[in-house]
There are 2 protein chains.
Amino acid sequence: MSTDAIARIRRFNRAVTSEVGALDESFLGRGRPLGAARVLNAIGHGYTDVAEIRDYLGLDSGLMSRLLRSLEAEGLVLTTPHPDDARRRIVSLTPTGEAEYAAYESLSDAQAETILARHPKSEALLAAMDLIATALGRDRIILETVDPNTPDALYCLDQYYAELGRRFATGYDVSLAAAPDAREMSAPLGAFILALSDDLPIGCVGLKGKGTEIAEIKRLWVAPAARGLGLARRLMQAAENAARALSITTLRLDTNSALPEALALYQSSGWVEIDRFNDDPYPDYFFEKTLNS
Amino acid sequence: MSTDAIARIRRFNRAVTSEVGALDESFLGRGRPLGAARVLNAIGHGYTDVAEIRDYLGLDSGLMSRLLRSLEAEGLVLTTPHPDDARRRIVSLTPTGEAEYAAYESLSDAQAETILARHPKSEALLAAMDLIATALGRDRIILETVDPNTPDALYCLDQYYAELGRRFATGYDVSLAAAPDAREMSAPLGAFILALSDDLPIGCVGLKGKGTEIAEIKRLWVAPAARGLGLARRLMQAAENAARALSITTLRLDTNSALPEALALYQSSGWVEIDRFNDDPYPDYFFEKTLNS
DNA sequence: CATATTATCTGACCTAAGTCAGGCAATATG
DNA sequence: CATATTGCCTGACTTAGGTCAGATAATATG
């Protein structure tokens, strides 16, 4: 019997360790020790400073130096003194190094493709992977203010609309809602805040301003994989801070009773219900919050 | 932008490798190389034959021998010649070895507990882990005929009843359905078949016989984590084989339109709809299949 | 009973990975 | 400007992990 939580987690660990080991094996196939391959990949991934790479990979300074030397001997990397401080050194890939890095990347891709190809219901598998990666990396979730027209922002908005379509009995038609234009959700009128977990967009919120002291919160969304981590609250907090920075004193929002978690969040974080303030067809609840100081 | 499938799988890999590495680190904390710790754990896990352990861990015979010697020197294991063949050797843990093994086990448990404690919505996390472990280990799913009163079988039945309760608009009350007694689902009358993935029960099916050439299929269930892998079909096939072995020529089953996947499975695998053959309150569809040869 | 096979062990050897002390050049500081 | 600090490098050394060629003893086979 192995149905209790601890046993299930340990079973998961066993299942993934063999996959992880398989990738190391395929990396070794390129005839280079793993240490050197890791350094090469770190450089290809954008790390340039020797100390930075050492820190990222947790290497001793002596070992790091030797690994760099061996990559240099292979003609894969080039080290040059840092322009500001000649003690530091900058590492970059030669064209050969770029090709080698690309080869490692395609090994990683191939492994991922194999997993994908072996599972017929891949969407469920990917959703489970997102959930686990987000849960394990919850301390590294970062919020970022971006232009609402960036691909990541548009991806979140698409997901948001799809979710409303599933939640509302009548479906959801974006064109019927008053689409806030990007200008109103960018500085200096408003903001659009994205939550990223290891570069995957997992949530967003929009602050739609008109240059007055009243602004609206729009498009609060948290990916299914990130629910239960308190991310919505964190996004709302960030939106409020952004509003304060823009001298906004009153926030409003509209929502729908088909979104009970959202209602509970607003009611538990200082929002008070007010009368309808627009004629959008979808919302049936309206809230306001006064920002202090 | 990292929202495509490949990128999501690679992100998952990154997220879990650090967890996996952390466990290795904590294992090293017991002052023994990982290789020796792995052998000790394999023995603690029930492996006894030297060749078996070597095969399981993928070790060279020379290395294996040396690791055993070092564990012996520490007083953790005892090797004795195999009673049937004195060339082979069986390894067992000394009391000290048992204690050391238990210490490793509790390190693994502690890591699992940490993961669990850090995630508030742990049921979703566990479900995701089950799905991934099952998907990655799909080639190692085994079917086993067991007594329907074993804990694993009862666990599956509980899950099955809970699922019906969620699916049926009216809920599901086990006491209203004609509960098949264990004797009718055991040899020589019938069978109860379990699907196990790395010891976790992920599906079941019952063959309920009365000693005649007609028998019933009951309690076909597949865990959410294992859906989409063709397991239901495999379980049904095994049930049919078990029926043939018992000289049963006709199988019947009842089901409910609230279980469309089940209906589709029966319709696509040679079952034909027949008239109601019992007065159970729940089923509204009845099928029969004639077993050839 | 001689010979082949099997299972494990031993010694010799190798590479990867990592630690540590000290060296050297560039830069910061009193 | 003397001295300390910083960033990287080199040499010496250690351990883990693993390969390979026999050695040894037990068992199977003609």
# chains A, B, ... in the order shown; residues from 1 in each chain; ligands from 1

$ select_by_dssp --residues "range 57-230 of chain B" --states "helix (DSSP H, G or I)" --output "short mmCIF file (atom, residue, chain, number, x, y, z; two decimals) with N, CA, C and O atoms, in the first residue's frame"
data_model
loop_
_atom_site.label_atom_id
_atom_site.label_comp_id
_atom_site.auth_asym_id
_atom_site.auth_seq_id
_atom_site.Cartn_x
_atom_site.Cartn_y
_atom_site.Cartn_z
N LEU B 57 20.77 -1.37 -10.11
CA LEU B 57 21.48 -0.09 -10.03
C LEU B 57 22.38 0.15 -11.24
O LEU B 57 23.00 1.21 -11.35
N SER B 61 30.31 -5.31 -12.18
CA SER B 61 30.45 -6.34 -11.15
C SER B 61 31.59 -6.00 -10.18
O SER B 61 31.48 -6.24 -8.98
N GLY B 62 32.68 -5.45 -10.70
CA GLY B 62 33.79 -5.09 -9.83
C GLY B 62 33.41 -4.01 -8.83
O GLY B 62 33.67 -4.14 -7.62
N LEU B 63 32.76 -2.98 -9.34
CA LEU B 63 32.36 -1.86 -8.48
C LEU B 63 31.40 -2.34 -7.41
O LEU B 63 31.54 -2.01 -6.22
N MET B 64 30.44 -3.15 -7.83
CA MET B 64 29.45 -3.70 -6.91
C MET B 64 30.13 -4.43 -5.76
O MET B 64 29.80 -4.24 -4.59
N SER B 65 31.08 -5.26 -6.13
CA SER B 65 31.79 -6.05 -5.13
C SER B 65 32.49 -5.14 -4.11
O SER B 65 32.40 -5.33 -2.90
N ARG B 66 33.15 -4.11 -4.63
CA ARG B 66 33.85 -3.19 -3.74
C ARG B 66 32.89 -2.45 -2.82
O ARG B 66 33.17 -2.25 -1.63
N LEU B 67 31.74 -2.03 -3.35
CA LEU B 67 30.77 -1.30 -2.52
C LEU B 67 30.24 -2.21 -1.41
O LEU B 67 30.12 -1.80 -0.25
N LEU B 68 29.99 -3.48 -1.78
CA LEU B 68 29.54 -4.43 -0.76
C LEU B 68 30.60 -4.59 0.32
O LEU B 68 30.29 -4.61 1.51
N ARG B 69 31.87 -4.68 -0.12
CA ARG B 69 32.96 -4.85 0.83
C ARG B 69 33.00 -3.68 1.82
O ARG B 69 33.18 -3.85 3.01
N SER B 70 32.79 -2.45 1.28
CA SER B 70 32.88 -1.29 2.17
C SER B 70 31.70 -1.27 3.15
O SER B 70 31.85 -0.88 4.31
N LEU B 71 30.53 -1.70 2.69
CA LEU B 71 29.39 -1.79 3.61
C LEU B 71 29.62 -2.87 4.66
O LEU B 71 29.26 -2.70 5.83
N GLU B 72 30.27 -3.95 4.24
CA GLU B 72 30.59 -5.02 5.16
C GLU B 72 31.57 -4.52 6.23
O GLU B 72 31.42 -4.78 7.42
N ALA B 73 32.59 -3.77 5.76
CA ALA B 73 33.60 -3.24 6.67
C ALA B 73 32.96 -2.32 7.71
O ALA B 73 33.42 -2.24 8.86
N PRO B 95 21.67 -5.54 12.19
CA PRO B 95 20.86 -4.57 12.94
C PRO B 95 21.36 -3.13 12.73
O PRO B 95 20.57 -2.21 12.53
N THR B 96 22.68 -2.94 12.73
CA THR B 96 23.24 -1.61 12.45
C THR B 96 22.81 -1.15 11.07
O THR B 96 22.46 0.02 10.86
N GLY B 97 22.86 -2.07 10.10
CA GLY B 97 22.46 -1.75 8.74
C GLY B 97 21.00 -1.34 8.66
O GLY B 97 20.66 -0.38 7.96
N GLU B 98 20.16 -2.05 9.38
CA GLU B 98 18.73 -1.71 9.41
C GLU B 98 18.54 -0.27 9.90
O GLU B 98 17.76 0.50 9.35
N ALA B 99 19.30 0.06 10.96
CA ALA B 99 19.18 1.41 11.53
C ALA B 99 19.63 2.46 10.52
O ALA B 99 18.99 3.51 10.35
N GLU B 100 20.72 2.17 9.82
CA GLU B 100 21.24 3.09 8.82
C GLU B 100 20.23 3.26 7.68
O GLU B 100 19.98 4.38 7.22
N TYR B 101 19.65 2.15 7.24
CA TYR B 101 18.64 2.19 6.19
C TYR B 101 17.45 3.05 6.63
O TYR B 101 16.96 3.89 5.88
N ALA B 102 17.02 2.84 7.88
CA ALA B 102 15.90 3.62 8.40
C ALA B 102 16.23 5.11 8.40
O ALA B 102 15.37 5.95 8.12
N ALA B 103 17.51 5.42 8.68
CA ALA B 103 17.91 6.83 8.68
C ALA B 103 17.78 7.43 7.27
O ALA B 103 17.31 8.55 7.10
N TYR B 104 18.19 6.66 6.25
CA TYR B 104 18.03 7.14 4.87
C TYR B 104 16.56 7.30 4.52
O TYR B 104 16.16 8.27 3.89
N GLU B 105 15.75 6.33 4.95
CA GLU B 105 14.32 6.41 4.68
C GLU B 105 13.74 7.68 5.27
O GLU B 105 12.94 8.37 4.65
N SER B 106 14.18 8.02 6.49
CA SER B 106 13.56 9.17 7.11
C SER B 106 14.06 10.47 6.47
O SER B 106 13.37 11.48 6.48
N LEU B 107 15.26 10.43 5.86
CA LEU B 107 15.70 11.59 5.09
C LEU B 107 14.78 11.79 3.88
O LEU B 107 14.37 12.91 3.56
N SER B 108 14.46 10.69 3.19
CA SER B 108 13.55 10.76 2.04
C SER B 108 12.18 11.27 2.47
O SER B 108 11.58 12.12 1.81
N ASP B 109 11.71 10.72 3.59
CA ASP B 109 10.40 11.15 4.09
C ASP B 109 10.42 12.64 4.43
O ASP B 109 9.47 13.36 4.13
N ALA B 110 11.52 13.07 5.05
CA ALA B 110 11.60 14.47 5.46
C ALA B 110 11.54 15.39 4.23
O ALA B 110 10.86 16.42 4.24
N GLN B 111 12.23 14.97 3.16
CA GLN B 111 12.20 15.80 1.96
C GLN B 111 10.78 15.87 1.40
O GLN B 111 10.31 16.95 1.02
N ALA B 112 10.10 14.73 1.38
CA ALA B 112 8.72 14.71 0.89
C ALA B 112 7.83 15.58 1.76
O ALA B 112 6.99 16.34 1.26
N GLU B 113 8.03 15.50 3.07
CA GLU B 113 7.22 16.31 3.97
C GLU B 113 7.44 17.80 3.76
O GLU B 113 6.51 18.60 3.84
N THR B 114 8.69 18.16 3.48
CA THR B 114 9.00 19.57 3.22
C THR B 114 8.22 20.07 2.01
O THR B 114 7.61 21.14 2.05
N ILE B 115 8.25 19.28 0.96
CA ILE B 115 7.52 19.67 -0.25
C ILE B 115 6.04 19.86 0.09
O ILE B 115 5.41 20.84 -0.30
N LEU B 116 5.52 18.90 0.84
CA LEU B 116 4.10 18.91 1.18
C LEU B 116 3.76 20.14 2.02
O LEU B 116 2.76 20.82 1.79
N ALA B 117 4.62 20.42 3.01
CA ALA B 117 4.34 21.52 3.93
C ALA B 117 4.41 22.86 3.23
O ALA B 117 3.73 23.81 3.61
N ARG B 118 5.24 22.95 2.19
CA ARG B 118 5.41 24.22 1.52
C ARG B 118 4.26 24.54 0.56
O ARG B 118 4.19 25.65 0.04
N SER B 122 -2.20 20.92 -1.21
CA SER B 122 -1.38 19.75 -1.49
C SER B 122 -2.10 18.70 -2.32
O SER B 122 -1.45 17.94 -3.02
N GLU B 123 -3.42 18.62 -2.26
CA GLU B 123 -4.10 17.57 -3.02
C GLU B 123 -3.88 17.75 -4.52
O GLU B 123 -3.66 16.77 -5.25
N ALA B 124 -3.91 19.00 -4.98
CA ALA B 124 -3.67 19.26 -6.39
C ALA B 124 -2.24 18.88 -6.78
O ALA B 124 -1.99 18.31 -7.84
N LEU B 125 -1.31 19.18 -5.89
CA LEU B 125 0.09 18.85 -6.15
C LEU B 125 0.28 17.34 -6.24
O LEU B 125 0.92 16.83 -7.16
N LEU B 126 -0.31 16.62 -5.29
CA LEU B 126 -0.19 15.17 -5.29
C LEU B 126 -0.83 14.56 -6.53
O LEU B 126 -0.27 13.63 -7.13
N ALA B 127 -1.97 15.09 -6.93
CA ALA B 127 -2.63 14.57 -8.13
C ALA B 127 -1.73 14.77 -9.34
O ALA B 127 -1.59 13.88 -10.18
N ALA B 128 -1.10 15.94 -9.42
CA ALA B 128 -0.19 16.22 -10.54
C ALA B 128 1.00 15.27 -10.51
O ALA B 128 1.45 14.78 -11.55
N MET B 129 1.52 15.00 -9.31
CA MET B 129 2.66 14.09 -9.19
C MET B 129 2.26 12.67 -9.61
O MET B 129 3.02 12.00 -10.30
N ASP B 130 1.08 12.24 -9.19
CA ASP B 130 0.61 10.91 -9.58
C ASP B 130 0.52 10.80 -11.09
O ASP B 130 0.92 9.81 -11.69
N LEU B 131 -0.04 11.87 -11.70
CA LEU B 131 -0.22 11.83 -13.15
C LEU B 131 1.12 11.71 -13.86
O LEU B 131 1.30 10.88 -14.76
N ILE B 132 2.09 12.50 -13.42
CA ILE B 132 3.39 12.48 -14.08
C ILE B 132 4.11 11.16 -13.83
O ILE B 132 4.65 10.55 -14.76
N ALA B 133 4.09 10.68 -12.59
CA ALA B 133 4.76 9.42 -12.30
C ALA B 133 4.13 8.29 -13.11
O ALA B 133 4.82 7.41 -13.62
N THR B 134 2.82 8.32 -13.23
CA THR B 134 2.13 7.27 -13.99
C THR B 134 2.45 7.37 -15.48
O THR B 134 2.70 6.36 -16.14
N ALA B 135 2.47 8.60 -15.99
CA ALA B 135 2.76 8.79 -17.41
C ALA B 135 4.19 8.36 -17.73
O ALA B 135 4.43 7.66 -18.71
N LEU B 136 5.14 8.75 -16.89
CA LEU B 136 6.53 8.39 -17.16
C LEU B 136 6.76 6.89 -16.99
O LEU B 136 7.62 6.33 -17.64
N ARG B 138 4.52 4.49 -17.66
CA ARG B 138 3.40 3.77 -18.28
C ARG B 138 3.79 2.39 -18.79
O ARG B 138 2.97 1.48 -18.83
N ASP B 139 5.06 2.22 -19.15
CA ASP B 139 5.49 0.90 -19.65
C ASP B 139 5.68 -0.09 -18.51
O ASP B 139 5.87 -1.27 -18.75
N ARG B 140 5.69 0.40 -17.30
CA ARG B 140 5.91 -0.49 -16.16
C ARG B 140 4.63 -0.71 -15.35
O ARG B 140 4.68 -1.14 -14.21
N PRO B 151 -5.95 -4.39 1.08
CA PRO B 151 -6.06 -2.94 1.24
C PRO B 151 -6.03 -2.20 -0.10
O PRO B 151 -6.81 -1.26 -0.31
N ASP B 152 -5.17 -2.62 -1.02
CA ASP B 152 -5.08 -1.95 -2.31
C ASP B 152 -6.41 -2.05 -3.07
O ASP B 152 -6.85 -1.08 -3.69
N ALA B 153 -7.03 -3.24 -3.02
CA ALA B 153 -8.31 -3.42 -3.71
C ALA B 153 -9.38 -2.54 -3.08
O ALA B 153 -10.15 -1.87 -3.78
N LEU B 154 -9.41 -2.51 -1.76
CA LEU B 154 -10.42 -1.71 -1.07
C LEU B 154 -10.22 -0.22 -1.36
O LEU B 154 -11.19 0.53 -1.51
N TYR B 155 -8.94 0.18 -1.47
CA TYR B 155 -8.65 1.58 -1.82
C TYR B 155 -9.25 1.91 -3.19
O TYR B 155 -9.93 2.93 -3.36
N CYS B 156 -9.05 1.03 -4.17
CA CYS B 156 -9.59 1.26 -5.51
C CYS B 156 -11.11 1.34 -5.46
O CYS B 156 -11.72 2.21 -6.11
N LEU B 157 -11.73 0.44 -4.72
CA LEU B 157 -13.19 0.44 -4.65
C LEU B 157 -13.71 1.73 -4.03
O LEU B 157 -14.66 2.33 -4.52
N ASP B 158 -13.03 2.19 -2.97
CA ASP B 158 -13.41 3.46 -2.35
C ASP B 158 -13.35 4.59 -3.38
O ASP B 158 -14.25 5.42 -3.47
N GLN B 159 -12.25 4.62 -4.13
CA GLN B 159 -12.09 5.66 -5.13
C GLN B 159 -13.19 5.57 -6.18
O GLN B 159 -13.72 6.57 -6.64
N TYR B 160 -13.53 4.34 -6.53
CA TYR B 160 -14.57 4.09 -7.53
C TYR B 160 -15.92 4.63 -7.05
O TYR B 160 -16.61 5.36 -7.76
N TYR B 161 -16.26 4.31 -5.80
CA TYR B 161 -17.54 4.78 -5.27
C TYR B 161 -17.56 6.30 -5.19
O TYR B 161 -18.56 6.95 -5.50
N ALA B 162 -16.43 6.90 -4.78
CA ALA B 162 -16.35 8.36 -4.68
C ALA B 162 -16.56 9.00 -6.05
O ALA B 162 -17.26 10.01 -6.20
N GLU B 163 -15.98 8.36 -7.07
CA GLU B 163 -16.12 8.88 -8.42
C GLU B 163 -17.58 8.83 -8.88
O GLU B 163 -18.11 9.79 -9.45
N LEU B 164 -18.24 7.70 -8.61
CA LEU B 164 -19.66 7.59 -8.99
C LEU B 164 -20.47 8.67 -8.27
O LEU B 164 -21.36 9.28 -8.84
N GLY B 165 -20.13 8.89 -6.99
CA GLY B 165 -20.83 9.91 -6.22
C GLY B 165 -20.72 11.28 -6.86
O GLY B 165 -21.68 12.06 -6.87
N ARG B 166 -19.53 11.56 -7.43
CA ARG B 166 -19.35 12.86 -8.10
C ARG B 166 -20.07 12.88 -9.45
O ARG B 166 -20.63 13.90 -9.85
N ARG B 167 -20.08 11.75 -10.14
CA ARG B 167 -20.61 11.72 -11.50
C ARG B 167 -22.15 11.73 -11.55
O ARG B 167 -22.74 12.38 -12.39
N VAL B 174 -23.48 3.16 -1.81
CA VAL B 174 -23.02 1.78 -2.04
C VAL B 174 -24.07 0.77 -1.58
O VAL B 174 -24.30 -0.25 -2.22
N SER B 175 -24.74 1.08 -0.45
CA SER B 175 -25.63 0.09 0.14
C SER B 175 -26.85 -0.21 -0.75
O SER B 175 -27.45 -1.26 -0.63
N LEU B 176 -27.17 0.72 -1.67
CA LEU B 176 -28.32 0.49 -2.56
C LEU B 176 -27.96 -0.46 -3.70
O LEU B 176 -28.82 -1.16 -4.24
N ALA B 182 -17.01 -10.95 -1.93
CA ALA B 182 -15.62 -11.21 -2.32
C ALA B 182 -15.46 -12.60 -2.92
O ALA B 182 -14.68 -12.79 -3.84
N ARG B 183 -16.24 -13.55 -2.42
CA ARG B 183 -16.10 -14.91 -2.90
C ARG B 183 -16.39 -15.02 -4.40
O ARG B 183 -15.71 -15.76 -5.12
N GLU B 184 -17.38 -14.23 -4.85
CA GLU B 184 -17.74 -14.28 -6.28
C GLU B 184 -16.71 -13.60 -7.18
O GLU B 184 -16.75 -13.73 -8.39
N MET B 185 -15.82 -12.78 -6.56
CA MET B 185 -14.77 -12.13 -7.36
C MET B 185 -13.39 -12.72 -7.05
O MET B 185 -12.37 -12.04 -7.18
N PRO B 224 -7.78 8.99 -12.08
CA PRO B 224 -7.64 10.16 -12.95
C PRO B 224 -6.22 10.29 -13.49
O PRO B 224 -6.02 10.63 -14.66
N ALA B 225 -5.22 9.97 -12.66
CA ALA B 225 -3.83 10.11 -13.08
C ALA B 225 -3.47 9.18 -14.24
O ALA B 225 -2.50 9.42 -14.95
N ALA B 226 -4.24 8.12 -14.44
CA ALA B 226 -3.87 7.13 -15.44
C ALA B 226 -4.78 7.16 -16.66
O ALA B 226 -4.67 6.29 -17.53
#

$ calpha_fit_rmsd --fixed "chain B" --moving "chain A"
0.2 Å

$ interface_residues --of "chain C" --to "chain A" --cutoff "10 Å" --atoms "only C-alpha atoms (C1' of nucleotides)" --output "PDB file with N, CA and C atoms (P, O5', C5', C4', C3', O3' and C1' of nucleotides), in the first residue's frame"
ATOM      1  P    DT C  15      42.701   8.887 -18.493  1.00  0.00           P
ATOM      2  O5'  DT C  15      41.298   9.439 -18.001  1.00  0.00           O
ATOM      3  C5'  DT C  15      40.101   8.859 -18.506  1.00  0.00           C
ATOM      4  C4'  DT C  15      38.937   9.456 -17.740  1.00  0.00           C
ATOM      5  C3'  DT C  15      38.971  10.982 -17.669  1.00  0.00           C
ATOM      6  O3'  DT C  15      37.701  11.455 -18.088  1.00  0.00           O
ATOM      7  C1'  DT C  15      38.767  10.049 -15.492  1.00  0.00           C
ATOM      8  P    DA C  16      37.399  13.017 -18.155  1.00  0.00           P
ATOM      9  O5'  DA C  16      36.476  13.244 -16.870  1.00  0.00           O
ATOM     10  C5'  DA C  16      35.404  12.341 -16.623  1.00  0.00           C
ATOM     11  C4'  DA C  16      34.687  12.787 -15.370  1.00  0.00           C
ATOM     12  C3'  DA C  16      34.475  14.284 -15.256  1.00  0.00           C
ATOM     13  O3'  DA C  16      33.152  14.480 -14.795  1.00  0.00           O
ATOM     14  C1'  DA C  16      35.722  13.505 -13.386  1.00  0.00           C
ATOM     15  P    DA C  17      32.628  15.963 -14.488  1.00  0.00           P
ATOM     16  O5'  DA C  17      33.031  16.192 -12.971  1.00  0.00           O
ATOM     17  C5'  DA C  17      32.464  15.340 -11.988  1.00  0.00           C
ATOM     18  C4'  DA C  17      32.977  15.767 -10.642  1.00  0.00           C
ATOM     19  C3'  DA C  17      32.936  17.272 -10.401  1.00  0.00           C
ATOM     20  O3'  DA C  17      32.112  17.492  -9.280  1.00  0.00           O
ATOM     21  C1'  DA C  17      35.024  16.359  -9.758  1.00  0.00           C
ATOM     22  P    DG C  18      31.751  18.982  -8.809  1.00  0.00           P
ATOM     23  O5'  DG C  18      32.779  19.265  -7.646  1.00  0.00           O
ATOM     24  C5'  DG C  18      32.838  18.321  -6.576  1.00  0.00           C
ATOM     25  C4'  DG C  18      34.129  18.521  -5.837  1.00  0.00           C
ATOM     26  C3'  DG C  18      34.408  19.977  -5.452  1.00  0.00           C
ATOM     27  O3'  DG C  18      34.454  20.072  -4.050  1.00  0.00           O
ATOM     28  C1'  DG C  18      36.347  18.887  -6.214  1.00  0.00           C
ATOM     29  P    DT C  19      34.422  21.515  -3.330  1.00  0.00           P
ATOM     30  O5'  DT C  19      35.737  21.425  -2.442  1.00  0.00           O
ATOM     31  C5'  DT C  19      36.099  20.181  -1.856  1.00  0.00           C
ATOM     32  C4'  DT C  19      37.494  20.307  -1.307  1.00  0.00           C
ATOM     33  C3'  DT C  19      37.810  21.674  -0.693  1.00  0.00           C
ATOM     34  O3'  DT C  19      38.410  21.447   0.574  1.00  0.00           O
ATOM     35  C1'  DT C  19      39.458  21.097  -2.308  1.00  0.00           C
ATOM     36  P    DC C  20      38.545  22.660   1.635  1.00  0.00           P
ATOM     37  O5'  DC C  20      40.052  23.109   1.452  1.00  0.00           O
ATOM     38  C5'  DC C  20      41.064  22.106   1.428  1.00  0.00           C
ATOM     39  C4'  DC C  20      42.391  22.743   1.073  1.00  0.00           C
ATOM     40  C3'  DC C  20      42.525  24.205   1.496  1.00  0.00           C
ATOM     41  O3'  DC C  20      43.676  24.324   2.314  1.00  0.00           O
ATOM     42  C1'  DC C  20      43.193  23.897  -0.774  1.00  0.00           C
ATOM     43  P    DA C  25      52.502  39.138 -12.710  1.00  0.00           P
ATOM     44  O5'  DA C  25      51.294  40.098 -13.127  1.00  0.00           O
ATOM     45  C5'  DA C  25      50.252  39.585 -13.949  1.00  0.00           C
ATOM     46  C4'  DA C  25      48.975  40.316 -13.603  1.00  0.00           C
ATOM     47  C3'  DA C  25      49.094  41.850 -13.654  1.00  0.00           C
ATOM     48  O3'  DA C  25      48.112  42.318 -14.559  1.00  0.00           O
ATOM     49  C1'  DA C  25      48.017  41.132 -11.664  1.00  0.00           C
ATOM     50  P    DA C  26      48.022  43.858 -14.942  1.00  0.00           P
ATOM     51  O5'  DA C  26      46.719  44.299 -14.144  1.00  0.00           O
ATOM     52  C5'  DA C  26      45.476  43.661 -14.453  1.00  0.00           C
ATOM     53  C4'  DA C  26      44.442  44.166 -13.478  1.00  0.00           C
ATOM     54  C3'  DA C  26      44.319  45.684 -13.421  1.00  0.00           C
ATOM     55  O3'  DA C  26      42.942  46.009 -13.557  1.00  0.00           O
ATOM     56  C1'  DA C  26      44.618  44.795 -11.245  1.00  0.00           C
ATOM     57  P    DT C  27      42.444  47.509 -13.664  1.00  0.00           P
ATOM     58  O5'  DT C  27      42.022  47.809 -12.170  1.00  0.00           O
ATOM     59  C5'  DT C  27      40.974  47.031 -11.596  1.00  0.00           C
ATOM     60  C4'  DT C  27      40.881  47.336 -10.123  1.00  0.00           C
ATOM     61  C3'  DT C  27      40.649  48.811  -9.777  1.00  0.00           C
ATOM     62  O3'  DT C  27      39.388  48.896  -9.142  1.00  0.00           O
ATOM     63  C1'  DT C  27      42.249  47.808  -8.338  1.00  0.00           C
TER      64       DT C  27
END

$ interface_residues --of "chain D" --to "chain A" --cutoff "10 Å" --atoms "only C-alpha atoms (C1' of nucleotides)" --output "PyMOL selection string"
chain D and resi 6-10

$ atom_distance --atom1 "CA of Gly46 in chain A" --atom2 "CA of Val91 in chain A"
9.9 Å

$ select_by_dssp --residues "range 77-204 of chain A" --states "strand (DSSP E or B)" --output "compact mmCIF listing (two decimals) with N, CA and C atoms, in the first residue's frame"
# COMPACT_ATOMS: atom_id res chain seq x y z
N VAL A 77 35.05 28.68 -26.41
CA VAL A 77 34.78 29.96 -25.74
C VAL A 77 35.99 30.88 -25.85
N LEU A 78 35.73 32.16 -25.59
CA LEU A 78 36.75 33.20 -25.67
C LEU A 78 36.63 34.03 -24.40
N THR A 79 37.76 34.21 -23.69
CA THR A 79 37.69 35.06 -22.49
C THR A 79 38.46 36.35 -22.74
N THR A 80 37.82 37.44 -22.36
CA THR A 80 38.46 38.76 -22.52
C THR A 80 38.33 39.50 -21.20
N PRO A 81 39.29 40.40 -20.90
CA PRO A 81 39.17 41.15 -19.66
C PRO A 81 37.95 42.06 -19.69
N ARG A 89 36.81 38.77 -15.84
CA ARG A 89 36.90 38.36 -17.23
C ARG A 89 35.51 38.05 -17.77
N ILE A 90 35.35 38.34 -19.04
CA ILE A 90 34.08 38.07 -19.70
C ILE A 90 34.27 36.89 -20.64
N VAL A 91 33.32 35.99 -20.63
CA VAL A 91 33.41 34.81 -21.48
C VAL A 91 32.34 34.89 -22.55
N SER A 92 32.69 34.51 -23.76
CA SER A 92 31.69 34.46 -24.83
C SER A 92 31.92 33.24 -25.69
N LEU A 93 30.90 32.85 -26.44
CA LEU A 93 31.02 31.67 -27.29
C LEU A 93 31.62 32.05 -28.64
N ILE A 141 8.84 33.26 -7.86
CA ILE A 141 7.85 33.91 -8.72
C ILE A 141 8.11 35.42 -8.67
N ILE A 142 8.29 36.03 -9.84
CA ILE A 142 8.55 37.47 -9.83
C ILE A 142 7.45 38.22 -10.56
N LEU A 143 7.20 39.45 -10.09
CA LEU A 143 6.21 40.32 -10.75
C LEU A 143 6.98 41.33 -11.59
N GLU A 144 6.41 41.64 -12.75
CA GLU A 144 7.09 42.52 -13.68
C GLU A 144 6.06 43.42 -14.36
N THR A 145 6.34 44.71 -14.41
CA THR A 145 5.44 45.61 -15.12
C THR A 145 5.84 45.62 -16.59
N ALA A 191 -0.95 50.62 -15.56
CA ALA A 191 0.12 49.62 -15.56
C ALA A 191 -0.45 48.25 -15.90
N PHE A 192 0.41 47.39 -16.38
CA PHE A 192 0.02 46.00 -16.59
C PHE A 192 1.11 45.15 -15.95
N ILE A 193 0.70 44.33 -14.97
CA ILE A 193 1.68 43.59 -14.17
C ILE A 193 1.53 42.10 -14.44
N LEU A 194 2.68 41.48 -14.68
CA LEU A 194 2.74 40.07 -15.05
C LEU A 194 3.43 39.29 -13.93
N ALA A 195 2.96 38.09 -13.65
CA ALA A 195 3.67 37.20 -12.71
C ALA A 195 4.37 36.13 -13.53
N LEU A 196 5.66 35.96 -13.31
CA LEU A 196 6.45 34.99 -14.06
C LEU A 196 7.10 33.99 -13.12
N SER A 197 7.01 32.72 -13.49
CA SER A 197 7.70 31.67 -12.74
C SER A 197 8.66 31.01 -13.71
N LEU A 200 7.79 31.53 -17.30
CA LEU A 200 6.45 31.18 -17.76
C LEU A 200 5.44 32.15 -17.14
N PRO A 201 4.63 32.82 -17.96
CA PRO A 201 3.63 33.76 -17.42
C PRO A 201 2.54 32.96 -16.70
N ILE A 202 2.30 33.29 -15.43
CA ILE A 202 1.32 32.51 -14.66
C ILE A 202 0.26 33.39 -14.01
N GLY A 203 0.24 34.68 -14.36
CA GLY A 203 -0.79 35.53 -13.80
C GLY A 203 -0.60 36.96 -14.27
N CYS A 204 -1.67 37.76 -14.15
CA CYS A 204 -1.56 39.15 -14.56
C CYS A 204 -2.63 39.98 -13.87

$ atom_distance --atom1 "CA of Phe168 in chain B" --atom2 "CA of Pro283 in chain B"
10.5 Å
